[in-house]
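Q: So I've got this file, structure27.pdb, and it contains PDB, C-alpha atoms:
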```pdb
ATOM      1  CA  MET A  12      -2.250 -17.615  -7.720
ATOM      2  CA  HIS A  13      -4.048 -14.288  -7.415
ATOM      3  CA  ARG A  14      -5.114 -13.277  -3.926
ATOM      4  CA  THR A  15      -7.566 -10.393  -4.064
ATOM      5  CA  ILE A  16      -7.193  -7.246  -1.987
ATOM      6  CA  PRO A  17     -10.331  -8.009   0.099
ATOM      7  CA  ARG A  18      -9.013 -11.505   0.868
ATOM      8  CA  ARG A  19      -5.645 -10.110   1.924
ATOM      9  CA  LEU A  20      -7.272  -7.627   4.253
ATOM     10  CA  ALA A  21      -9.688 -10.248   5.562
ATOM     11  CA  ALA A  22      -6.663 -12.064   6.968
ATOM     12  CA  LEU A  23      -6.067  -8.954   9.042
ATOM     13  CA  GLY A  24      -9.729  -8.470   9.976
ATOM     14  CA  LEU A  25      -9.906  -5.408   7.718
ATOM     15  CA  ALA A  26     -11.988  -6.549   4.754
ATOM     16  CA  ALA A  27     -14.980  -4.417   5.707
ATOM     17  CA  THR A  28     -12.831  -1.295   5.605
ATOM     18  CA  VAL A  29     -12.220  -1.735   1.906
ATOM     19  CA  VAL A  30     -15.337  -3.599   0.777
ATOM     20  CA  VAL A  31     -17.919  -1.354   2.419
ATOM     21  CA  GLY A  32     -18.469   1.604   0.137
ATOM     22  CA  LEU A  33     -16.504   0.350  -2.866
ATOM     23  CA  VAL A  34     -19.615   0.360  -5.028
ATOM     24  CA  ALA A  35     -20.218   3.951  -3.971
ATOM     25  CA  CYS A  36     -16.818   4.807  -5.375
ATOM     26  CA  GLY A  37     -18.432   5.141  -8.768
ATOM     27  CA  ASP A  38     -20.020   8.348  -7.423
ATOM     28  CA  ASP A  39     -17.299  10.984  -7.528
ATOM     29  CA  ASP A  40     -19.413  13.878  -6.329
ATOM     30  CA  ASP A  41     -17.880  16.628  -4.253
ATOM     31  CA  GLU A  42     -18.841  15.042  -0.958
ATOM     32  CA  ASN A  43     -17.017  11.805  -1.711
ATOM     33  CA  ALA A  44     -14.071  13.608  -3.250
ATOM     34  CA  ALA A  45     -13.742  15.657  -0.095
ATOM     35  CA  ALA A  46     -13.736  12.628   2.221
ATOM     36  CA  ASP A  47     -10.789  12.821   4.578
ATOM     37  CA  ASP A  48     -10.490   9.618   6.527
ATOM     38  CA  THR A  49      -6.858   8.991   5.683
ATOM     39  CA  PRO A  50      -5.119   6.414   7.919
ATOM     40  CA  THR A  51      -2.983   7.802  10.721
ATOM     41  CA  GLY A  52       0.552   8.383   9.504
ATOM     42  CA  VAL A  53      -0.509   8.853   5.877
ATOM     43  CA  GLU A  54      -0.879  12.376   4.576
ATOM     44  CA  PRO A  55      -3.894  13.265   2.368
ATOM     45  CA  LEU A  56      -3.703  14.151  -1.311
ATOM     46  CA  ASP A  57      -2.437  17.667  -1.988
ATOM     47  CA  THR A  58      -4.107  18.662  -5.232
ATOM     48  CA  ASP A  59      -2.158  21.940  -5.262
ATOM     49  CA  ALA A  60       1.249  20.261  -5.266
ATOM     50  CA  ALA A  61       3.924  22.221  -7.102
ATOM     51  CA  THR A  62       5.568  20.929 -10.253
ATOM     52  CA  ASP A  63       9.135  21.319 -11.441
ATOM     53  CA  ASP A  64      10.063  24.380 -13.460
ATOM     54  CA  ASP A  65       9.482  22.441 -16.678
ATOM     55  CA  GLY A  66       5.944  21.660 -15.572
ATOM     56  CA  SER A  67       6.536  17.946 -15.471
ATOM     57  CA  GLY A  68       6.906  17.502 -11.719
ATOM     58  CA  GLY A  69       8.676  14.499 -10.194
ATOM     59  CA  ASP A  70      12.305  14.355 -11.274
ATOM     60  CA  GLY A  71      11.709  16.018 -14.636
ATOM     61  CA  ASP A  72      11.108  12.676 -16.362
ATOM     62  CA  GLY A  73       7.686  13.568 -17.731
ATOM     63  CA  VAL A  74       5.478  12.807 -14.711
ATOM     64  CA  ALA A  75       3.507  15.595 -13.068
ATOM     65  CA  ALA A  76       3.882  15.954  -9.311
ATOM     66  CA  GLU A  77       0.082  15.669  -9.155
ATOM     67  CA  ALA A  78       0.344  12.119 -10.531
ATOM     68  CA  CYS A  79       2.738  11.161  -7.739
ATOM     69  CA  ASP A  80       0.413  12.698  -5.148
ATOM     70  CA  ALA A  81      -2.576  10.891  -6.620
ATOM     71  CA  TYR A  82      -0.805   7.505  -6.514
ATOM     72  CA  VAL A  83      -0.052   8.136  -2.831
ATOM     73  CA  ASP A  84      -3.720   8.914  -2.239
ATOM     74  CA  LEU A  85      -4.856   5.847  -4.180
ATOM     75  CA  SER A  86      -2.534   3.623  -2.145
ATOM     76  CA  ALA A  87      -3.913   5.123   1.068
ATOM     77  CA  ALA A  88      -7.506   4.592  -0.079
ATOM     78  CA  LEU A  89      -6.848   0.873  -0.527
ATOM     79  CA  VAL A  90      -6.237   0.578   3.223
ATOM     80  CA  GLY A  91      -8.393   3.475   4.430
ATOM     81  CA  ASP A  92     -11.430   5.286   3.046
ATOM     82  CA  PRO A  93     -12.666   3.528  -0.128
ATOM     83  CA  THR A  94     -14.686   6.565  -1.206
ATOM     84  CA  ARG A  95     -11.330   8.160  -2.079
ATOM     85  CA  LEU A  96     -10.546   5.507  -4.691
ATOM     86  CA  THR A  97     -12.392   7.127  -7.592
ATOM     87  CA  PRO A  98     -11.201  10.722  -7.050
ATOM     88  CA  ALA A  99      -7.625   9.517  -6.519
ATOM     89  CA  ALA A 100      -7.676   7.294  -9.611
ATOM     90  CA  ASP A 101      -9.259  10.081 -11.649
ATOM     91  CA  ALA A 102      -6.558  12.541 -10.570
ATOM     92  CA  LEU A 103      -3.918   9.940 -11.347
ATOM     93  CA  ALA A 104      -5.269   9.134 -14.818
ATOM     94  CA  THR A 105      -5.611  12.845 -15.622
ATOM     95  CA  ASN A 106      -1.957  13.556 -14.839
ATOM     96  CA  LEU A 107      -0.203  10.445 -16.154
ATOM     97  CA  PRO A 108       2.039  10.735 -19.236
ATOM     98  CA  ASP A 109       0.946   9.123 -22.476
ATOM     99  CA  ASP A 110       2.908   5.908 -21.903
ATOM    100  CA  LEU A 111       0.861   5.193 -18.763
ATOM    101  CA  ALA A 112      -2.515   6.476 -19.972
ATOM    102  CA  ALA A 113      -3.901   3.018 -20.774
ATOM    103  CA  ALA A 114      -3.007   1.732 -17.314
ATOM    104  CA  GLY A 115      -4.693   4.765 -15.741
ATOM    105  CA  ALA A 116      -7.871   4.078 -17.724
ATOM    106  CA  THR A 117      -7.796   0.444 -16.564
ATOM    107  CA  LEU A 118      -7.650   1.556 -12.931
ATOM    108  CA  LEU A 119     -10.744   3.710 -13.375
ATOM    109  CA  THR A 120     -12.638   0.948 -15.164
ATOM    110  CA  SER A 121     -11.739  -1.598 -12.477
ATOM    111  CA  ILE A 122     -12.831   0.694  -9.654
ATOM    112  CA  GLY A 123     -16.124   1.288 -11.436
ATOM    113  CA  GLU A 124     -16.747  -2.474 -11.312
ATOM    114  CA  GLY A 125     -16.760  -2.431  -7.498
ATOM    115  CA  PRO A 126     -15.005  -4.905  -5.180
ATOM    116  CA  GLU A 127     -14.541  -7.551  -7.874
ATOM    117  CA  GLY A 128     -12.818  -5.041 -10.123
ATOM    118  CA  VAL A 129     -10.542  -3.655  -7.434
ATOM    119  CA  GLY A 130      -9.664  -7.173  -6.324
ATOM    120  CA  GLY A 131      -9.082  -8.419  -9.856
ATOM    121  CA  PRO A 132      -5.984  -8.942 -12.002
ATOM    122  CA  ASP A 133      -6.635  -5.950 -14.297
ATOM    123  CA  PHE A 134      -6.487  -3.514 -11.385
ATOM    124  CA  ALA A 135      -3.434  -5.252  -9.916
ATOM    125  CA  GLY A 136      -1.593  -5.193 -13.247
ATOM    126  CA  ALA A 137      -2.298  -1.521 -13.920
ATOM    127  CA  TYR A 138      -1.445  -0.531 -10.351
ATOM    128  CA  THR A 139       1.846  -2.418 -10.611
ATOM    129  CA  GLU A 140       2.746  -0.909 -13.994
ATOM    130  CA  ILE A 141       2.083   2.653 -12.831
ATOM    131  CA  GLY A 142       3.812   2.162  -9.492
ATOM    132  CA  GLY A 143       6.951   0.797 -11.128
ATOM    133  CA  ALA A 144       7.203   3.824 -13.397
ATOM    134  CA  LEU A 145       6.491   6.314 -10.623
ATOM    135  CA  TYR A 146       9.115   4.768  -8.350
ATOM    136  CA  ASP A 147      11.725   5.916 -10.860
ATOM    137  CA  ARG A 148      10.121   9.239 -11.775
ATOM    138  CA  CYS A 149       8.626  10.636  -8.550
ATOM    139  CA  GLU A 150      10.618  12.506  -5.945
ATOM    140  CA  ALA A 151      10.740  10.953  -2.470
ATOM    141  CA  ASP A 152      12.394  11.634   0.863
ATOM    142  CA  GLU A 153      13.316   7.948   1.011
ATOM    143  CA  LYS A 154      13.575   5.324  -1.734
ATOM    144  CA  LEU A 155      13.776   1.709  -0.648
ATOM    145  CA  ASP A 156      14.338  -1.533  -2.547
ATOM    146  CA  VAL A 157      12.966  -4.307  -0.341
ATOM    147  CA  THR A 158      12.892  -8.020  -1.099
ATOM    148  CA  GLY A 159      10.513 -10.499   0.482
ATOM    149  CA  VAL A 160      12.271 -13.830   1.070
ATOM    150  CA  ASP A 161      11.277 -17.060   2.797
ATOM    151  CA  TYR A 162      10.761 -15.677   5.465
ATOM    152  CA  GLY A 163      11.907 -12.119   6.025
ATOM    153  CA  PHE A 164      12.401  -8.656   4.559
ATOM    154  CA  GLU A 165      15.771  -7.807   3.031
ATOM    155  CA  GLY A 166      16.760  -4.191   2.439
ATOM    156  CA  LEU A 167      14.377  -2.697   4.991
ATOM    157  CA  PRO A 168      16.389  -0.443   7.336
ATOM    158  CA  ASP A 169      15.682   0.145  11.011
ATOM    159  CA  GLU A 170      15.237   3.890  10.429
ATOM    160  CA  ILE A 171      13.964   5.851   7.452
ATOM    161  CA  ALA A 172      13.225   9.493   6.719
ATOM    162  CA  ALA A 173       9.679  10.587   7.508
ATOM    163  CA  GLY A 174       7.791  12.097   4.596
ATOM    164  CA  ARG A 175       7.290  10.610   1.144
ATOM    165  CA  VAL A 176       8.583   7.054   0.988
ATOM    166  CA  ALA A 177       8.846   5.067  -2.248
ATOM    167  CA  LEU A 178       9.144   1.356  -1.522
ATOM    168  CA  ARG A 179       9.733  -1.112  -4.360
ATOM    169  CA  PHE A 180       8.969  -4.639  -3.186
ATOM    170  CA  THR A 181      10.335  -7.704  -4.985
ATOM    171  CA  ASN A 182       9.329 -11.313  -4.435
ATOM    172  CA  GLY A 183      12.596 -13.124  -3.746
ATOM    173  CA  THR A 184      11.076 -16.466  -2.804
ATOM    174  CA  ALA A 185      13.271 -19.517  -3.243
ATOM    175  CA  GLY A 186      10.179 -21.445  -4.289
ATOM    176  CA  THR A 187       6.693 -20.309  -5.254
ATOM    177  CA  GLU A 188       5.591 -18.385  -2.156
ATOM    178  CA  PRO A 189       3.694 -15.111  -2.658
ATOM    179  CA  HIS A 190       4.809 -12.314  -0.351
ATOM    180  CA  GLU A 191       3.423  -9.009   0.858
ATOM    181  CA  LEU A 192       4.511  -6.124   3.021
ATOM    182  CA  VAL A 193       1.737  -4.689   5.159
ATOM    183  CA  LEU A 194       2.909  -1.525   6.878
ATOM    184  CA  PHE A 195       1.352  -0.513  10.191
ATOM    185  CA  ARG A 196       2.004   2.543  12.325
ATOM    186  CA  ARG A 197       1.961   1.945  16.059
ATOM    187  CA  ASN A 198      -0.767   4.051  17.629
ATOM    188  CA  GLU A 199       0.229   6.395  20.435
ATOM    189  CA  GLY A 200       0.698   4.457  23.662
ATOM    190  CA  THR A 201       1.209   1.060  22.001
ATOM    191  CA  THR A 202       4.129  -0.589  23.756
ATOM    192  CA  GLU A 203       3.488  -4.300  23.128
ATOM    193  CA  ARG A 204       6.135  -6.390  21.397
ATOM    194  CA  VAL A 205       5.334  -7.447  17.852
ATOM    195  CA  ASP A 206       4.754 -11.053  18.895
ATOM    196  CA  GLU A 207       2.278  -9.836  21.496
ATOM    197  CA  LEU A 208       0.436  -7.771  18.897
ATOM    198  CA  LEU A 209       0.284 -10.749  16.532
ATOM    199  CA  ALA A 210      -1.214 -12.886  19.271
ATOM    200  CA  LEU A 211      -4.143 -10.484  19.737
ATOM    201  CA  PRO A 212      -7.495 -10.970  17.979
ATOM    202  CA  PRO A 213      -7.504  -8.818  14.805
ATOM    203  CA  GLU A 214      -9.970  -6.272  16.174
ATOM    204  CA  GLU A 215      -7.842  -5.740  19.271
ATOM    205  CA  ALA A 216      -4.631  -5.510  17.250
ATOM    206  CA  MET A 217      -6.207  -2.812  15.094
ATOM    207  CA  GLU A 218      -6.850  -0.735  18.210
ATOM    208  CA  LYS A 219      -3.081  -0.757  18.721
ATOM    209  CA  MET A 220      -1.940  -0.107  15.127
ATOM    210  CA  THR A 221      -3.137   1.725  12.026
ATOM    211  CA  MET A 222      -2.585   0.401   8.537
ATOM    212  CA  ALA A 223      -0.405   2.756   6.492
ATOM    213  CA  GLY A 224       0.039   0.805   3.263
ATOM    214  CA  VAL A 225       0.291  -2.577   1.590
ATOM    215  CA  VAL A 226       2.226  -3.951  -1.363
ATOM    216  CA  TRP A 227       2.161  -7.533  -2.638
ATOM    217  CA  VAL A 228       4.006  -9.733  -5.135
ATOM    218  CA  ASP A 229       2.479 -13.094  -5.982
ATOM    219  CA  GLU A 230       4.962 -14.349  -8.556
ATOM    220  CA  PRO A 231       8.691 -15.060  -7.995
ATOM    221  CA  GLY A 232      10.771 -12.127  -9.225
ATOM    222  CA  ALA A 233       7.766  -9.806  -9.574
ATOM    223  CA  THR A 234       7.851  -6.279  -8.191
ATOM    224  CA  SER A 235       5.254  -3.805  -6.960
ATOM    225  CA  THR A 236       5.499  -0.308  -5.503
ATOM    226  CA  LEU A 237       4.099   1.573  -2.530
ATOM    227  CA  LEU A 238       4.245   5.360  -2.346
ATOM    228  CA  ALA A 239       3.206   6.733   1.033
ATOM    229  CA  ASP A 240       3.573   9.933   3.002
ATOM    230  CA  LEU A 241       4.586   8.672   6.441
ATOM    231  CA  ALA A 242       4.376  10.754   9.587
ATOM    232  CA  PRO A 243       7.164  10.390  12.155
ATOM    233  CA  GLY A 244       6.634   7.376  14.363
ATOM    234  CA  ASP A 245       7.242   3.669  14.858
ATOM    235  CA  TYR A 246       6.129   1.213  12.191
ATOM    236  CA  VAL A 247       5.817  -2.549  11.800
ATOM    237  CA  ALA A 248       6.094  -4.426   8.495
ATOM    238  CA  ILE A 249       4.347  -7.793   8.383
ATOM    239  CA  CYS A 250       3.576 -10.505   5.830
ATOM    240  CA  MET A 251       0.292 -12.213   6.731
ATOM    241  CA  ILE A 252       0.038 -14.580   3.749
ATOM    242  CA  PRO A 253      -0.242 -18.203   4.931
ATOM    243  CA  VAL A 254       2.632 -20.535   4.139
ATOM    244  CA  GLY A 255       1.951 -22.057   0.746
ATOM    245  CA  GLY A 256      -0.081 -19.080  -0.434
ATOM    246  CA  GLY A 257      -3.478 -20.523   0.403
ATOM    247  CA  GLU A 258      -6.237 -19.119   2.561
ATOM    248  CA  GLU A 259      -5.373 -21.109   5.704
ATOM    249  CA  GLY A 260      -2.265 -21.943   7.660
ATOM    250  CA  ASP A 261       0.422 -20.146   9.627
ATOM    251  CA  PRO A 262       1.126 -16.661   8.260
ATOM    252  CA  HIS A 263       4.641 -15.858   7.129
ATOM    253  CA  ALA A 264       4.874 -13.425  10.054
ATOM    254  CA  LEU A 265       4.922 -16.333  12.496
ATOM    255  CA  HIS A 266       7.984 -17.672  10.673
ATOM    256  CA  GLY A 267       9.932 -14.437  11.033
ATOM    257  CA  MET A 268       8.573 -12.214   8.262
ATOM    258  CA  VAL A 269       8.246  -9.180  10.546
ATOM    259  CA  ALA A 270      10.347  -6.036  10.804
ATOM    260  CA  GLU A 271      10.223  -2.871  12.883
ATOM    261  CA  LEU A 272      11.348   0.546  11.710
ATOM    262  CA  THR A 273      11.170   4.162  12.759
ATOM    263  CA  ALA A 274      10.352   7.131  10.546
ATOM    264  CA  ALA A 275      12.115  10.232  11.829
TER     265      ALA A 275
END
```
Can you present the structure in this file as structure tokens?
A:
Amino acid sequence: MHRTIPRRLAALGLAATVVVGLVACGDDDDENAAADDTPTGVEPLDTDAATDDDGSGGDGDGVAAEACDAYVDLSAALVGDPTRLTPAADALATNLPDDLAAAGATLLTSIGEGPEGVGGPDFAGAYTEIGGALYDRCEADEKLDVTGVDYGFEGLPDEIAAGRVALRFTNGTAGTEPHELVLFRRNEGTTERVDELLALPPEEAMEKMTMAGVVWVDEPGATSTLLADLAPGDYVAICMIPVGGGEEGDPHALHGMVAELTAA
């Protein structure tokens, strides 16, 4: 079962954030490329990032540091400013090694198709392929292997290093449940317990938290990767997919698929 990005975010009351302006992403003029509405706690793309001495960047495994930065920016655009999707994907495709070039081209094509393309299986497959490779090849302040089980997160520590975080998420369901990890940063002054935040209407909850990233795995055993530059602060990881993987029903979060962590 393939749940599109807009549908996932709709469950959190965030669909408009991604859908509005996606069509405009085909216009990569300077104004759009310069947009800087990155979610709180996520650092913007640094197009001047340094590479390793061999020019490859990352850990010397043939991936330019610019590719790692661009994947971070693309991940942030999925939950923040959609006008950043095209410039981020373009920077990513430009700097990917030959073995990932086809996946980079697929990302650009999918984004050019608007919301249906970004929410479709071609985009998801290319994003997953690239993310899996970059998890191994990009440098990070913290690398995490997290498994989504029925119903909880395994391998997610209470405290992580602030900065660049590479999080590889595996679907460890005992059945056929899809899982996701939606990462929120608590806004300054937010003191409510997680259960209290979950009980709020979506628009009120989003005044208390800012989305910092999302990663999803529909099929049992599948993996996907989030790269994010996280500012110091308190974060909440939540799975909002309804039990059974449909569009209605209790979200996994209400069955315990919630975790809190601090980036320091």
Q: Need to verify the contact set: Ala112 in chain A, 12 Å, all atoms listed in the file, exclusion of same-chain residues closer than 4 positions in sequence. Can you return it as a list in words?
A: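 My list of contacting residues is Val74, Ala78, Ala100, Asp101, Ala102, Leu103, Ala104, Thr105, Asn106, Leu107, Pro108, Ala116, Thr117, Leu118, Leu119, Ala137, Tyr138, Glu140 and Ile141 of chain A.
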Q: Would you export the selected residues with C-alpha atoms as an mmCIF file, in the coordinates of the input, please?
A:
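Once written, again_25.cif looks like this:
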```cif
data_model
loop_
_atom_site.group_PDB
_atom_site.id
_atom_site.type_symbol
_atom_site.label_atom_id
_atom_site.label_comp_id
_atom_site.auth_asym_id
_atom_site.auth_seq_id
_atom_site.Cartn_x
_atom_site.Cartn_y
_atom_site.Cartn_z
ATOM 1 C CA VAL A 74 5.478 12.807 -14.711
ATOM 2 C CA ALA A 78 0.344 12.119 -10.531
ATOM 3 C CA ALA A 100 -7.676 7.294 -9.611
ATOM 4 C CA ASP A 101 -9.259 10.081 -11.649
ATOM 5 C CA ALA A 102 -6.558 12.541 -10.570
ATOM 6 C CA LEU A 103 -3.918 9.940 -11.347
ATOM 7 C CA ALA A 104 -5.269 9.134 -14.818
ATOM 8 C CA THR A 105 -5.611 12.845 -15.622
ATOM 9 C CA ASN A 106 -1.957 13.556 -14.839
ATOM 10 C CA LEU A 107 -0.203 10.445 -16.154
ATOM 11 C CA PRO A 108 2.039 10.735 -19.236
ATOM 12 C CA ALA A 116 -7.871 4.078 -17.724
ATOM 13 C CA THR A 117 -7.796 0.444 -16.564
ATOM 14 C CA LEU A 118 -7.650 1.556 -12.931
ATOM 15 C CA LEU A 119 -10.744 3.710 -13.375
ATOM 16 C CA ALA A 137 -2.298 -1.521 -13.920
ATOM 17 C CA TYR A 138 -1.445 -0.531 -10.351
ATOM 18 C CA GLU A 140 2.746 -0.909 -13.994
ATOM 19 C CA ILE A 141 2.083 2.653 -12.831
#
```
Q: Excluding Phe164 in chain A and any residue of its chain fewer than 5 positions from it, enumerate the residues within 9 Å of it, using only C-alpha atoms, and give them as a VMD selection string.
A: chain A and resid 157 to 159 192 248 to 249 268 to 270
Q: Which residue gives the smallest distance to Arg204 in chain A among A:Ala216, A:Leu85, A:Ala135, A:Leu111, with all atoms listed in the file counted?
A: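 Checking each of A:Ala216, A:Leu85, A:Ala135, A:Leu111 against Arg204 in chain A, counting all atoms listed in the file, the winner is A:Ala216.
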Q: State, in Å with one decimal place, the distance from CA of Glu77 in chain A to CA of Leu167 in chain A.
A: 27.2 Å
Q: For Ala210 in chain A, which of A:Cys79, A:Gly257, A:Leu265, A:Asp84 is the closest residue, counting only C-alpha atoms?
A: A:Leu265
Q: Generate N, CA and C atoms for range 197-225 of chain A and emit them as a PDB file, keeping the file's coordinate frame.
A:
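The new file out.pdb reads:
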```pdb
ATOM      1  N   ARG A 197       2.386   2.143  14.676  1.00  0.00           N
ATOM      2  CA  ARG A 197       1.961   1.945  16.059  1.00  0.00           C
ATOM      3  C   ARG A 197       1.185   3.165  16.532  1.00  0.00           C
ATOM      4  N   ASN A 198      -0.009   2.944  17.078  1.00  0.00           N
ATOM      5  CA  ASN A 198      -0.767   4.051  17.629  1.00  0.00           C
ATOM      6  C   ASN A 198      -0.096   4.559  18.897  1.00  0.00           C
ATOM      7  N   GLU A 199      -0.363   5.799  19.240  1.00  0.00           N
ATOM      8  CA  GLU A 199       0.229   6.395  20.435  1.00  0.00           C
ATOM      9  C   GLU A 199      -0.105   5.546  21.661  1.00  0.00           C
ATOM     10  N   GLY A 200       0.899   5.241  22.450  1.00  0.00           N
ATOM     11  CA  GLY A 200       0.698   4.457  23.662  1.00  0.00           C
ATOM     12  C   GLY A 200       0.846   2.963  23.473  1.00  0.00           C
ATOM     13  N   THR A 201       1.037   2.495  22.243  1.00  0.00           N
ATOM     14  CA  THR A 201       1.209   1.060  22.001  1.00  0.00           C
ATOM     15  C   THR A 201       2.643   0.653  22.311  1.00  0.00           C
ATOM     16  N   THR A 202       2.794  -0.189  23.295  1.00  0.00           N
ATOM     17  CA  THR A 202       4.129  -0.589  23.756  1.00  0.00           C
ATOM     18  C   THR A 202       4.364  -2.094  23.634  1.00  0.00           C
ATOM     19  N   GLU A 203       3.353  -2.856  23.226  1.00  0.00           N
ATOM     20  CA  GLU A 203       3.488  -4.300  23.128  1.00  0.00           C
ATOM     21  C   GLU A 203       4.545  -4.712  22.108  1.00  0.00           C
ATOM     22  N   ARG A 204       5.216  -5.816  22.371  1.00  0.00           N
ATOM     23  CA  ARG A 204       6.135  -6.390  21.397  1.00  0.00           C
ATOM     24  C   ARG A 204       5.338  -6.868  20.181  1.00  0.00           C
ATOM     25  N   VAL A 205       6.023  -7.027  19.066  1.00  0.00           N
ATOM     26  CA  VAL A 205       5.334  -7.447  17.852  1.00  0.00           C
ATOM     27  C   VAL A 205       4.671  -8.809  18.045  1.00  0.00           C
ATOM     28  N   ASP A 206       5.351  -9.738  18.696  1.00  0.00           N
ATOM     29  CA  ASP A 206       4.754 -11.053  18.895  1.00  0.00           C
ATOM     30  C   ASP A 206       3.502 -10.971  19.746  1.00  0.00           C
ATOM     31  N   GLU A 207       3.477 -10.023  20.683  1.00  0.00           N
ATOM     32  CA  GLU A 207       2.278  -9.836  21.496  1.00  0.00           C
ATOM     33  C   GLU A 207       1.140  -9.253  20.667  1.00  0.00           C
ATOM     34  N   LEU A 208       1.461  -8.344  19.761  1.00  0.00           N
ATOM     35  CA  LEU A 208       0.436  -7.771  18.897  1.00  0.00           C
ATOM     36  C   LEU A 208      -0.131  -8.841  17.958  1.00  0.00           C
ATOM     37  N   LEU A 209       0.737  -9.705  17.437  1.00  0.00           N
ATOM     38  CA  LEU A 209       0.284 -10.749  16.532  1.00  0.00           C
ATOM     39  C   LEU A 209      -0.601 -11.765  17.228  1.00  0.00           C
ATOM     40  N   ALA A 210      -0.430 -11.910  18.525  1.00  0.00           N
ATOM     41  CA  ALA A 210      -1.214 -12.886  19.271  1.00  0.00           C
ATOM     42  C   ALA A 210      -2.613 -12.372  19.603  1.00  0.00           C
ATOM     43  N   LEU A 211      -2.838 -11.060  19.418  1.00  0.00           N
ATOM     44  CA  LEU A 211      -4.143 -10.484  19.737  1.00  0.00           C
ATOM     45  C   LEU A 211      -5.163 -10.824  18.654  1.00  0.00           C
ATOM     46  N   PRO A 212      -6.458 -10.885  19.015  1.00  0.00           N
ATOM     47  CA  PRO A 212      -7.495 -10.970  17.979  1.00  0.00           C
ATOM     48  C   PRO A 212      -7.370  -9.761  17.051  1.00  0.00           C
ATOM     49  N   PRO A 213      -7.699  -9.911  15.767  1.00  0.00           N
ATOM     50  CA  PRO A 213      -7.504  -8.818  14.805  1.00  0.00           C
ATOM     51  C   PRO A 213      -8.113  -7.495  15.242  1.00  0.00           C
ATOM     52  N   GLU A 214      -9.333  -7.532  15.791  1.00  0.00           N
ATOM     53  CA  GLU A 214      -9.970  -6.272  16.174  1.00  0.00           C
ATOM     54  C   GLU A 214      -9.227  -5.570  17.300  1.00  0.00           C
ATOM     55  N   GLU A 215      -8.621  -6.350  18.198  1.00  0.00           N
ATOM     56  CA  GLU A 215      -7.842  -5.740  19.271  1.00  0.00           C
ATOM     57  C   GLU A 215      -6.505  -5.217  18.738  1.00  0.00           C
ATOM     58  N   ALA A 216      -5.900  -5.963  17.828  1.00  0.00           N
ATOM     59  CA  ALA A 216      -4.631  -5.510  17.250  1.00  0.00           C
ATOM     60  C   ALA A 216      -4.822  -4.190  16.514  1.00  0.00           C
ATOM     61  N   MET A 217      -5.977  -4.023  15.854  1.00  0.00           N
ATOM     62  CA  MET A 217      -6.207  -2.812  15.094  1.00  0.00           C
ATOM     63  C   MET A 217      -6.556  -1.622  15.972  1.00  0.00           C
ATOM     64  N   GLU A 218      -6.748  -1.845  17.265  1.00  0.00           N
ATOM     65  CA  GLU A 218      -6.850  -0.735  18.210  1.00  0.00           C
ATOM     66  C   GLU A 218      -5.466  -0.252  18.625  1.00  0.00           C
ATOM     67  N   LYS A 219      -4.460  -1.069  18.342  1.00  0.00           N
ATOM     68  CA  LYS A 219      -3.081  -0.757  18.721  1.00  0.00           C
ATOM     69  C   LYS A 219      -2.268  -0.195  17.551  1.00  0.00           C
ATOM     70  N   MET A 220      -2.690  -0.503  16.313  1.00  0.00           N
ATOM     71  CA  MET A 220      -1.940  -0.107  15.127  1.00  0.00           C
ATOM     72  C   MET A 220      -2.901   0.407  14.068  1.00  0.00           C
ATOM     73  N   THR A 221      -2.360   1.213  13.152  1.00  0.00           N
ATOM     74  CA  THR A 221      -3.137   1.725  12.026  1.00  0.00           C
ATOM     75  C   THR A 221      -2.423   1.365  10.740  1.00  0.00           C
ATOM     76  N   MET A 222      -3.166   0.828   9.795  1.00  0.00           N
ATOM     77  CA  MET A 222      -2.585   0.401   8.537  1.00  0.00           C
ATOM     78  C   MET A 222      -2.168   1.614   7.723  1.00  0.00           C
ATOM     79  N   ALA A 223      -0.931   1.619   7.245  1.00  0.00           N
ATOM     80  CA  ALA A 223      -0.405   2.756   6.492  1.00  0.00           C
ATOM     81  C   ALA A 223      -0.143   2.428   5.032  1.00  0.00           C
ATOM     82  N   GLY A 224      -0.187   1.160   4.653  1.00  0.00           N
ATOM     83  CA  GLY A 224       0.039   0.805   3.263  1.00  0.00           C
ATOM     84  C   GLY A 224       0.241  -0.690   3.100  1.00  0.00           C
ATOM     85  N   VAL A 225       0.062  -1.162   1.880  1.00  0.00           N
ATOM     86  CA  VAL A 225       0.291  -2.577   1.590  1.00  0.00           C
ATOM     87  C   VAL A 225       0.810  -2.698   0.166  1.00  0.00           C
TER      88      VAL A 225
END
```
